[in-house]
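Asker: Okay, so here is target27.cif, and as you'll see once you scroll down, it has mmCIF, C-alpha atoms.
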data_upload
#
loop_
_atom_site.group_PDB
_atom_site.id
_atom_site.type_symbol
_atom_site.label_atom_id
_atom_site.label_comp_id
_atom_site.auth_asym_id
_atom_site.auth_seq_id
_atom_site.Cartn_x
_atom_site.Cartn_y
_atom_site.Cartn_z
ATOM 1 C CA GLY A 170 21.162 8.739 9.430
ATOM 2 C CA ALA A 171 17.489 9.007 10.252
ATOM 3 C CA GLY A 172 15.158 9.811 7.423
ATOM 4 C CA VAL A 173 11.897 11.682 7.393
ATOM 5 C CA SER A 174 9.411 10.207 9.829
ATOM 6 C CA GLN A 175 5.661 10.632 9.915
ATOM 7 C CA SER A 176 3.019 9.740 12.448
ATOM 8 C CA PRO A 177 0.610 8.139 12.673
ATOM 9 C CA SER A 178 1.184 5.703 9.827
ATOM 10 C CA ASN A 179 -2.549 5.116 9.570
ATOM 11 C CA LYS A 180 -5.488 7.155 10.775
ATOM 12 C CA VAL A 181 -9.152 6.334 10.614
ATOM 13 C CA THR A 182 -11.561 9.082 11.559
ATOM 14 C CA GLU A 183 -15.192 9.957 11.273
ATOM 15 C CA LYS A 184 -16.477 12.625 8.970
ATOM 16 C CA GLY A 185 -16.496 15.988 10.704
ATOM 17 C CA LYS A 186 -13.661 15.247 13.111
ATOM 18 C CA ASP A 187 -10.356 17.107 13.144
ATOM 19 C CA VAL A 188 -7.068 15.271 12.549
ATOM 20 C CA GLU A 189 -3.425 16.157 13.033
ATOM 21 C CA LEU A 190 -0.624 14.607 11.045
ATOM 22 C CA ARG A 191 2.969 14.950 12.138
ATOM 23 C CA CYS A 192 6.218 15.134 10.203
ATOM 24 C CA ASP A 193 9.779 15.014 11.541
ATOM 25 C CA PRO A 194 12.182 16.111 8.795
ATOM 26 C CA ILE A 195 15.784 15.103 8.381
ATOM 27 C CA SER A 196 17.904 16.974 10.914
ATOM 28 C CA GLY A 197 19.322 20.173 9.473
ATOM 29 C CA HIS A 198 16.903 20.356 6.554
ATOM 30 C CA THR A 199 15.338 23.792 6.385
ATOM 31 C CA ALA A 200 12.836 23.027 3.630
ATOM 32 C CA LEU A 201 9.756 20.945 4.381
ATOM 33 C CA TYR A 202 6.935 19.952 2.042
ATOM 34 C CA TRP A 203 3.541 18.332 2.338
ATOM 35 C CA TYR A 204 1.985 16.451 -0.554
ATOM 36 C CA ARG A 205 -1.187 14.431 -0.887
ATOM 37 C CA GLN A 206 -1.552 11.244 -2.901
ATOM 38 C CA SER A 207 -5.012 10.123 -3.850
ATOM 39 C CA LEU A 208 -6.443 7.879 -6.531
ATOM 40 C CA GLY A 209 -8.337 10.635 -8.242
ATOM 41 C CA GLN A 210 -5.814 13.457 -8.045
ATOM 42 C CA GLY A 211 -2.464 11.694 -8.090
ATOM 43 C CA LEU A 212 0.354 13.388 -6.220
ATOM 44 C CA GLU A 213 -0.332 17.023 -5.446
ATOM 45 C CA PHE A 214 1.551 19.704 -3.565
ATOM 46 C CA LEU A 215 -0.079 21.124 -0.450
ATOM 47 C CA ILE A 216 2.276 23.444 1.429
ATOM 48 C CA TYR A 217 5.962 24.338 1.597
ATOM 49 C CA PHE A 218 8.063 25.748 4.435
ATOM 50 C CA GLN A 219 11.518 27.241 3.907
ATOM 51 C CA GLY A 220 13.375 28.408 6.982
ATOM 52 C CA ASN A 221 11.739 31.421 8.611
ATOM 53 C CA SER A 222 9.998 32.561 5.444
ATOM 54 C CA ALA A 223 6.237 32.673 5.159
ATOM 55 C CA PRO A 224 5.024 29.265 3.970
ATOM 56 C CA ASP A 225 3.754 28.706 0.442
ATOM 57 C CA LYS A 226 0.169 27.626 1.061
ATOM 58 C CA SER A 227 -0.908 27.775 -2.567
ATOM 59 C CA GLY A 228 -1.611 24.050 -2.773
ATOM 60 C CA LEU A 229 -3.989 23.777 0.171
ATOM 61 C CA PRO A 230 -7.363 22.655 -1.223
ATOM 62 C CA SER A 231 -9.556 24.487 1.284
ATOM 63 C CA ASP A 232 -9.426 26.556 4.442
ATOM 64 C CA ARG A 233 -10.040 23.384 6.428
ATOM 65 C CA PHE A 234 -6.393 22.564 5.839
ATOM 66 C CA SER A 235 -3.597 24.268 7.752
ATOM 67 C CA ALA A 236 -0.039 23.502 8.728
ATOM 68 C CA GLU A 237 2.565 24.837 11.044
ATOM 69 C CA ARG A 238 6.203 24.231 11.610
ATOM 70 C CA THR A 239 7.522 24.773 15.109
ATOM 71 C CA GLY A 240 11.109 25.763 15.722
ATOM 72 C CA GLY A 241 12.021 25.173 12.107
ATOM 73 C CA SER A 242 11.760 21.430 12.554
ATOM 74 C CA VAL A 243 8.644 19.378 13.236
ATOM 75 C CA SER A 244 5.553 20.151 11.190
ATOM 76 C CA THR A 245 1.902 19.394 11.829
ATOM 77 C CA LEU A 246 -0.736 19.284 9.117
ATOM 78 C CA THR A 247 -4.236 19.813 10.507
ATOM 79 C CA ILE A 248 -7.430 18.990 8.696
ATOM 80 C CA GLN A 249 -10.567 20.361 10.324
ATOM 81 C CA ARG A 250 -14.046 18.940 9.841
ATOM 82 C CA THR A 251 -12.751 16.083 7.713
ATOM 83 C CA GLN A 252 -14.659 15.015 4.638
ATOM 84 C CA GLN A 253 -14.584 11.699 2.833
ATOM 85 C CA GLU A 254 -12.733 13.258 -0.072
ATOM 86 C CA ASP A 255 -9.861 13.996 2.328
ATOM 87 C CA SER A 256 -9.092 10.281 2.389
ATOM 88 C CA ALA A 257 -5.606 9.954 0.923
ATOM 89 C CA VAL A 258 -1.988 9.333 1.763
ATOM 90 C CA TYR A 259 -0.311 12.445 3.109
ATOM 91 C CA LEU A 260 3.380 12.564 2.333
ATOM 92 C CA CYS A 261 5.957 14.791 3.945
ATOM 93 C CA ALA A 262 9.357 15.545 2.452
ATOM 94 C CA SER A 263 12.365 17.602 3.431
ATOM 95 C CA SER A 264 15.422 18.977 1.669
ATOM 96 C CA PRO A 265 18.495 20.927 2.724
ATOM 97 C CA GLY A 266 17.009 24.241 1.556
ATOM 98 C CA THR A 267 20.258 25.503 0.055
ATOM 99 C CA SER A 268 20.099 24.716 -3.655
ATOM 100 C CA GLY A 269 16.713 25.860 -4.861
ATOM 101 C CA ALA A 270 14.658 24.137 -7.517
ATOM 102 C CA TRP A 271 17.075 21.312 -8.225
ATOM 103 C CA GLU A 272 17.289 20.054 -4.658
ATOM 104 C CA THR A 273 16.466 16.439 -3.975
ATOM 105 C CA GLN A 274 13.509 15.961 -1.674
ATOM 106 C CA TYR A 275 13.504 13.045 0.756
ATOM 107 C CA PHE A 276 10.119 11.600 1.538
ATOM 108 C CA GLY A 277 8.681 10.018 4.623
ATOM 109 C CA PRO A 278 6.575 6.844 4.539
ATOM 110 C CA GLY A 279 3.326 8.792 4.609
ATOM 111 C CA THR A 280 0.175 8.823 6.722
ATOM 112 C CA ARG A 281 -2.761 6.955 5.279
ATOM 113 C CA LEU A 282 -5.959 8.802 6.241
ATOM 114 C CA LEU A 283 -9.356 7.216 5.912
ATOM 115 C CA VAL A 284 -12.430 9.305 6.615
ATOM 116 C CA LEU A 285 -15.557 7.254 7.214
ATOM 117 C CA ALA B 104 3.064 26.145 -16.114
ATOM 118 C CA GLN B 105 5.699 23.489 -15.671
ATOM 119 C CA SER B 106 4.367 19.991 -16.264
ATOM 120 C CA VAL B 107 5.333 16.427 -17.040
ATOM 121 C CA ALA B 108 3.361 13.690 -18.688
ATOM 122 C CA GLN B 109 3.668 9.951 -18.318
ATOM 123 C CA PRO B 110 1.761 8.438 -21.225
ATOM 124 C CA GLU B 111 1.655 4.879 -19.904
ATOM 125 C CA ASP B 112 -0.365 3.773 -16.896
ATOM 126 C CA GLN B 113 1.446 0.464 -16.830
ATOM 127 C CA VAL B 114 4.531 -1.097 -18.353
ATOM 128 C CA ASN B 115 5.035 -4.852 -18.404
ATOM 129 C CA VAL B 116 8.437 -6.407 -18.974
ATOM 130 C CA ALA B 117 10.018 -9.780 -18.404
ATOM 131 C CA GLU B 118 12.870 -10.137 -15.963
ATOM 132 C CA GLY B 119 16.211 -9.707 -17.678
ATOM 133 C CA ASN B 120 14.808 -7.584 -20.486
ATOM 134 C CA PRO B 121 15.506 -3.874 -20.828
ATOM 135 C CA LEU B 122 12.849 -1.517 -19.543
ATOM 136 C CA THR B 123 11.785 2.007 -20.442
ATOM 137 C CA VAL B 124 9.340 4.217 -18.561
ATOM 138 C CA LYS B 125 8.405 7.284 -20.543
ATOM 139 C CA CYS B 126 8.179 10.915 -19.468
ATOM 140 C CA THR B 127 7.759 14.070 -21.509
ATOM 141 C CA TYR B 128 8.000 17.571 -20.146
ATOM 142 C CA SER B 129 6.747 21.061 -20.788
ATOM 143 C CA VAL B 130 8.791 23.741 -19.072
ATOM 144 C CA SER B 131 9.966 27.260 -19.693
ATOM 145 C CA GLY B 132 13.668 27.794 -19.356
ATOM 146 C CA ASN B 133 16.147 25.125 -18.398
ATOM 147 C CA PRO B 134 14.419 22.019 -17.128
ATOM 148 C CA TYR B 135 15.240 20.249 -13.912
ATOM 149 C CA LEU B 136 13.755 16.767 -14.051
ATOM 150 C CA PHE B 137 13.401 14.065 -11.435
ATOM 151 C CA TRP B 138 12.457 10.420 -11.191
ATOM 152 C CA TYR B 139 11.094 8.896 -8.008
ATOM 153 C CA VAL B 140 9.981 5.351 -7.244
ATOM 154 C CA GLN B 141 7.310 4.192 -4.812
ATOM 155 C CA TYR B 142 7.270 0.638 -3.560
ATOM 156 C CA PRO B 143 4.004 -0.711 -2.107
ATOM 157 C CA ASN B 144 2.958 1.060 1.098
ATOM 158 C CA ARG B 145 6.120 3.113 1.109
ATOM 159 C CA GLY B 146 6.990 6.750 0.544
ATOM 160 C CA LEU B 147 8.761 8.006 -2.535
ATOM 161 C CA GLN B 148 12.425 7.251 -3.043
ATOM 162 C CA PHE B 149 14.664 9.443 -5.184
ATOM 163 C CA LEU B 150 16.174 7.710 -8.204
ATOM 164 C CA LEU B 151 17.915 10.404 -10.219
ATOM 165 C CA LYS B 152 17.700 13.936 -11.544
ATOM 166 C CA TYR B 153 18.802 16.009 -14.496
ATOM 167 C CA ILE B 154 20.123 19.477 -13.833
ATOM 168 C CA THR B 155 22.534 20.204 -16.650
ATOM 169 C CA GLY B 156 25.417 18.577 -18.477
ATOM 170 C CA ASP B 157 25.423 15.003 -19.733
ATOM 171 C CA ASN B 158 22.175 13.906 -21.285
ATOM 172 C CA LEU B 159 22.526 10.442 -19.766
ATOM 173 C CA VAL B 160 21.986 10.535 -16.027
ATOM 174 C CA LYS B 161 22.815 7.546 -13.862
ATOM 175 C CA GLY B 162 20.958 6.901 -10.654
ATOM 176 C CA SER B 163 20.174 4.407 -7.953
ATOM 177 C CA TYR B 164 19.534 0.668 -8.399
ATOM 178 C CA GLY B 165 21.051 0.602 -11.895
ATOM 179 C CA PHE B 166 18.549 3.039 -13.386
ATOM 180 C CA GLU B 167 19.461 5.761 -15.830
ATOM 181 C CA ALA B 168 17.537 8.400 -17.719
ATOM 182 C CA GLU B 169 18.146 10.086 -21.031
ATOM 183 C CA PHE B 170 17.396 13.776 -21.387
ATOM 184 C CA ASN B 171 16.356 14.632 -24.945
ATOM 185 C CA LYS B 172 15.778 18.324 -25.536
ATOM 186 C CA SER B 173 14.494 18.019 -29.090
ATOM 187 C CA GLN B 174 11.866 15.496 -28.057
ATOM 188 C CA THR B 175 11.265 17.109 -24.640
ATOM 189 C CA SER B 176 11.619 13.707 -23.048
ATOM 190 C CA PHE B 177 13.285 12.239 -20.009
ATOM 191 C CA HIS B 178 12.719 8.500 -20.239
ATOM 192 C CA LEU B 179 13.804 6.186 -17.429
ATOM 193 C CA LYS B 180 15.718 3.091 -18.474
ATOM 194 C CA LYS B 181 17.396 0.001 -17.102
ATOM 195 C CA PRO B 182 19.323 -2.527 -19.194
ATOM 196 C CA SER B 183 18.084 -5.606 -17.329
ATOM 197 C CA ALA B 184 14.892 -5.572 -15.271
ATOM 198 C CA LEU B 185 14.496 -7.327 -11.940
ATOM 199 C CA VAL B 186 11.266 -8.554 -10.381
ATOM 200 C CA SER B 187 12.110 -6.304 -7.441
ATOM 201 C CA ASP B 188 11.913 -3.274 -9.767
ATOM 202 C CA SER B 189 8.144 -3.692 -9.818
ATOM 203 C CA ALA B 190 6.822 -0.434 -8.376
ATOM 204 C CA LEU B 191 5.160 2.882 -9.213
ATOM 205 C CA TYR B 192 7.418 5.377 -10.949
ATOM 206 C CA PHE B 193 6.925 9.133 -10.990
ATOM 207 C CA CYS B 194 8.500 11.770 -13.169
ATOM 208 C CA ALA B 195 8.544 15.278 -11.639
ATOM 209 C CA VAL B 196 9.497 18.874 -12.375
ATOM 210 C CA PRO B 197 9.837 21.879 -10.026
ATOM 211 C CA ARG B 198 6.974 24.375 -10.124
ATOM 212 C CA GLY B 199 8.267 27.585 -11.666
ATOM 213 C CA GLY B 200 11.350 28.746 -9.783
ATOM 214 C CA TYR B 201 10.372 26.925 -6.620
ATOM 215 C CA SER B 202 11.539 23.586 -5.348
ATOM 216 C CA THR B 203 8.062 22.180 -4.825
ATOM 217 C CA LEU B 204 7.437 19.430 -7.347
ATOM 218 C CA THR B 205 4.739 18.775 -9.902
ATOM 219 C CA PHE B 206 4.441 15.047 -10.529
ATOM 220 C CA GLY B 207 3.251 12.995 -13.436
ATOM 221 C CA LYS B 208 0.387 10.613 -12.817
ATOM 222 C CA GLY B 209 2.768 7.707 -12.323
ATOM 223 C CA THR B 210 3.544 4.541 -14.264
ATOM 224 C CA MET B 211 3.200 1.122 -12.714
ATOM 225 C CA LEU B 212 6.067 -1.137 -13.741
ATOM 226 C CA LEU B 213 5.428 -4.859 -13.508
ATOM 227 C CA VAL B 214 8.368 -7.175 -14.041
ATOM 228 C CA SER B 215 7.417 -10.810 -14.482
ATOM 229 C CA PRO B 216 9.738 -13.695 -13.577
#
Can you turn what I pasted into structure tokens?

Answerer:
Amino acid sequence: GAGVSQSPSNKVTEKGKDVELRCDPISGHTALYWYRQSLGQGLEFLIYFQGNSAPDKSGLPSDRFSAERTGGSVSTLTIQRTQQEDSAVYLCASSPGTSGAWETQYFGPGTRLLVL
Amino acid sequence: AQSVAQPEDQVNVAEGNPLTVKCTYSVSGNPYLFWYVQYPNRGLQFLLKYITGDNLVKGSYGFEAEFNKSQTSFHLKKPSALVSDSALYFCAVPRGGYSTLTFGKGTMLLVSP
């Protein structure tokens, strides 16, 4: 079946602009995660959605970052007033949401963001 | 805090030889441990995980990992490396009781022909 998809695959923007990154999880998966992969910081958690519960935003690096998940499916990660240090690969993952901490997460191909 | 460490930035091995990619963990309670692989310009792919039970876990593409509680390790192994195994490998552990993952810094595996 279809895996996790992300769009765009690449995004180049100018410093100060806003960007939106999209994630389509695997159908039926109630858990959705955003991670960021950068040279300096490695792979780091950003935000986690589980069903209708309030999202875990503890990984968001600043208030310029926000995310929403509409209808329990598609998610959008928004970065306002982008900075050069936001340049990274943004990875989305989903999981069934039924087994807790030992669930396997399935990752999308990522969005490569470059802020000039 | 739950954490994992990958002590090697890079591992080099010749095709056909056995390979080991190291991971040590620091967790409270029973550990759940994961290995993921990232091929160039691709997302992460799940390889295997340890939840409980047998210390030797078998996963995708012929990989296996050995859970060692006394050494707090979860090393990834393969008996015979392929050039196509060349990729970036991540060890990971759930944060606290949540399913969000904390990753190691990654180990680049290079398999030479």

Asker: Dump as an MDAnalysis selection string the residues of chain A that approach chain B to within 8 Å, counting all atoms listed in the file.

Answerer: chainID A and resid 202 211:214 217 260 269:279

Asker: Evaluate the PyMOL selection byres ((chain B and resi 172) around 12) on the structure here and hand back the selected residues as a ChimeraX atom specification.

Answerer: /B:127-130,132-136,153,155-159,169-171,173-178

Asker: Using the selection just defined, write its residues with C-alpha atoms as a compact mmCIF listing (two decimals), keeping the file's coordinate frame.

Answerer:
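Below is the file that was written, part34.txt:
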# COMPACT_ATOMS: atom_id res chain seq x y z
CA THR B 127 7.76 14.07 -21.51
CA TYR B 128 8.00 17.57 -20.15
CA SER B 129 6.75 21.06 -20.79
CA VAL B 130 8.79 23.74 -19.07
CA GLY B 132 13.67 27.79 -19.36
CA ASN B 133 16.15 25.12 -18.40
CA PRO B 134 14.42 22.02 -17.13
CA TYR B 135 15.24 20.25 -13.91
CA LEU B 136 13.76 16.77 -14.05
CA TYR B 153 18.80 16.01 -14.50
CA THR B 155 22.53 20.20 -16.65
CA GLY B 156 25.42 18.58 -18.48
CA ASP B 157 25.42 15.00 -19.73
CA ASN B 158 22.18 13.91 -21.28
CA LEU B 159 22.53 10.44 -19.77
CA GLU B 169 18.15 10.09 -21.03
CA PHE B 170 17.40 13.78 -21.39
CA ASN B 171 16.36 14.63 -24.94
CA SER B 173 14.49 18.02 -29.09
CA GLN B 174 11.87 15.50 -28.06
CA THR B 175 11.26 17.11 -24.64
CA SER B 176 11.62 13.71 -23.05
CA PHE B 177 13.28 12.24 -20.01
CA HIS B 178 12.72 8.50 -20.24

Asker: Just want the 6 Å neighbourhood of stretch 195-199 of chain A, counted on all atoms listed in the file, with same-chain residues fewer than 4 positions away dropped. Output as a VMD selection string.

Answerer: chain A and resid 172 to 173 219 to 220 264 to 266

Asker: Between atom CA of B:Pro143 and atom CA of A:Ala257, what distance in Å does the model show, to one decimal?

Answerer: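 Separating atom CA of B:Pro143 from atom CA of A:Ala257 is a distance of 14.7 Å.
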
Asker: What is the atom CA of B:Val116 to atom CA of B:Val160 distance in Å?

Answerer: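 Straight-line distance from atom CA of B:Val116 to atom CA of B:Val160 works out to 21.9 Å.
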
Asker: With only C-alpha atoms as the counted atoms, please give the residues lying no more than 12 Å from B:Leu122, apart from itself and same-chain residues fewer than 4 positions off, as a PyMOL selection string.

Answerer: chain B and resi 113-118+165-168+178-186+188-189+212-215

Asker: Write out the residues from the selection above, keeping C-alpha atoms, as a compact mmCIF listing (two decimals), in the coordinates of the input.

Answerer:
# COMPACT_ATOMS: atom_id res chain seq x y z
CA GLN B 113 1.45 0.46 -16.83
CA VAL B 114 4.53 -1.10 -18.35
CA ASN B 115 5.04 -4.85 -18.40
CA VAL B 116 8.44 -6.41 -18.97
CA ALA B 117 10.02 -9.78 -18.40
CA GLU B 118 12.87 -10.14 -15.96
CA GLY B 165 21.05 0.60 -11.90
CA PHE B 166 18.55 3.04 -13.39
CA GLU B 167 19.46 5.76 -15.83
CA ALA B 168 17.54 8.40 -17.72
CA HIS B 178 12.72 8.50 -20.24
CA LEU B 179 13.80 6.19 -17.43
CA LYS B 180 15.72 3.09 -18.47
CA LYS B 181 17.40 0.00 -17.10
CA PRO B 182 19.32 -2.53 -19.19
CA SER B 183 18.08 -5.61 -17.33
CA ALA B 184 14.89 -5.57 -15.27
CA LEU B 185 14.50 -7.33 -11.94
CA VAL B 186 11.27 -8.55 -10.38
CA ASP B 188 11.91 -3.27 -9.77
CA SER B 189 8.14 -3.69 -9.82
CA LEU B 212 6.07 -1.14 -13.74
CA LEU B 213 5.43 -4.86 -13.51
CA VAL B 214 8.37 -7.18 -14.04
CA SER B 215 7.42 -10.81 -14.48

Asker: Once the PyMOL selection byres ((chain A and resi 243) around 9) is applied to the coordinates I shared, what remains selected? I want it as a list in words.

Answerer: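 With the shown file as input, the PyMOL selection byres ((chain A and resi 243) around 9) matches Arg191, Cys192, Asp193, Pro194, Glu237, Arg238, Thr239, Gly240, Gly241, Ser242, Ser244 and Thr245 of chain A.
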
Asker: How many Å lie between atom CA of A:Leu246 and atom CA of A:Thr267, rounded to one decimal?

Answerer: 23.7 Å

Asker: Using all atoms listed in the file, which of B:Gln109, B:Ser131, B:Ser187, B:Thr123 sits nearest B:Thr210?

Answerer: B:Gln109

Asker: I'd like the contact shell of A:Arg281 - 7 Å cut-off, only C-alpha atoms, skipping same-chain residues fewer than 4 positions apart - returned as a ChimeraX atom specification.

Answerer: /A:178-180,257-259

Asker: Ranking A:Gln252, A:Ser263, A:Thr247, A:Gln210 by minimum distance to A:Ser174 and counting all atoms listed in the file, which one comes first?

Answerer: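 Residue with the minimum atom-to-atom distance to A:Ser174: A:Ser263.
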
Asker: Translate the PyMOL selection byres ((chain A and resi 232) around 12), as applied to the file shown, into an explicit residue set as a PyMOL selection string.

Answerer: chain A and resi 215+226-231+233-236+247-251
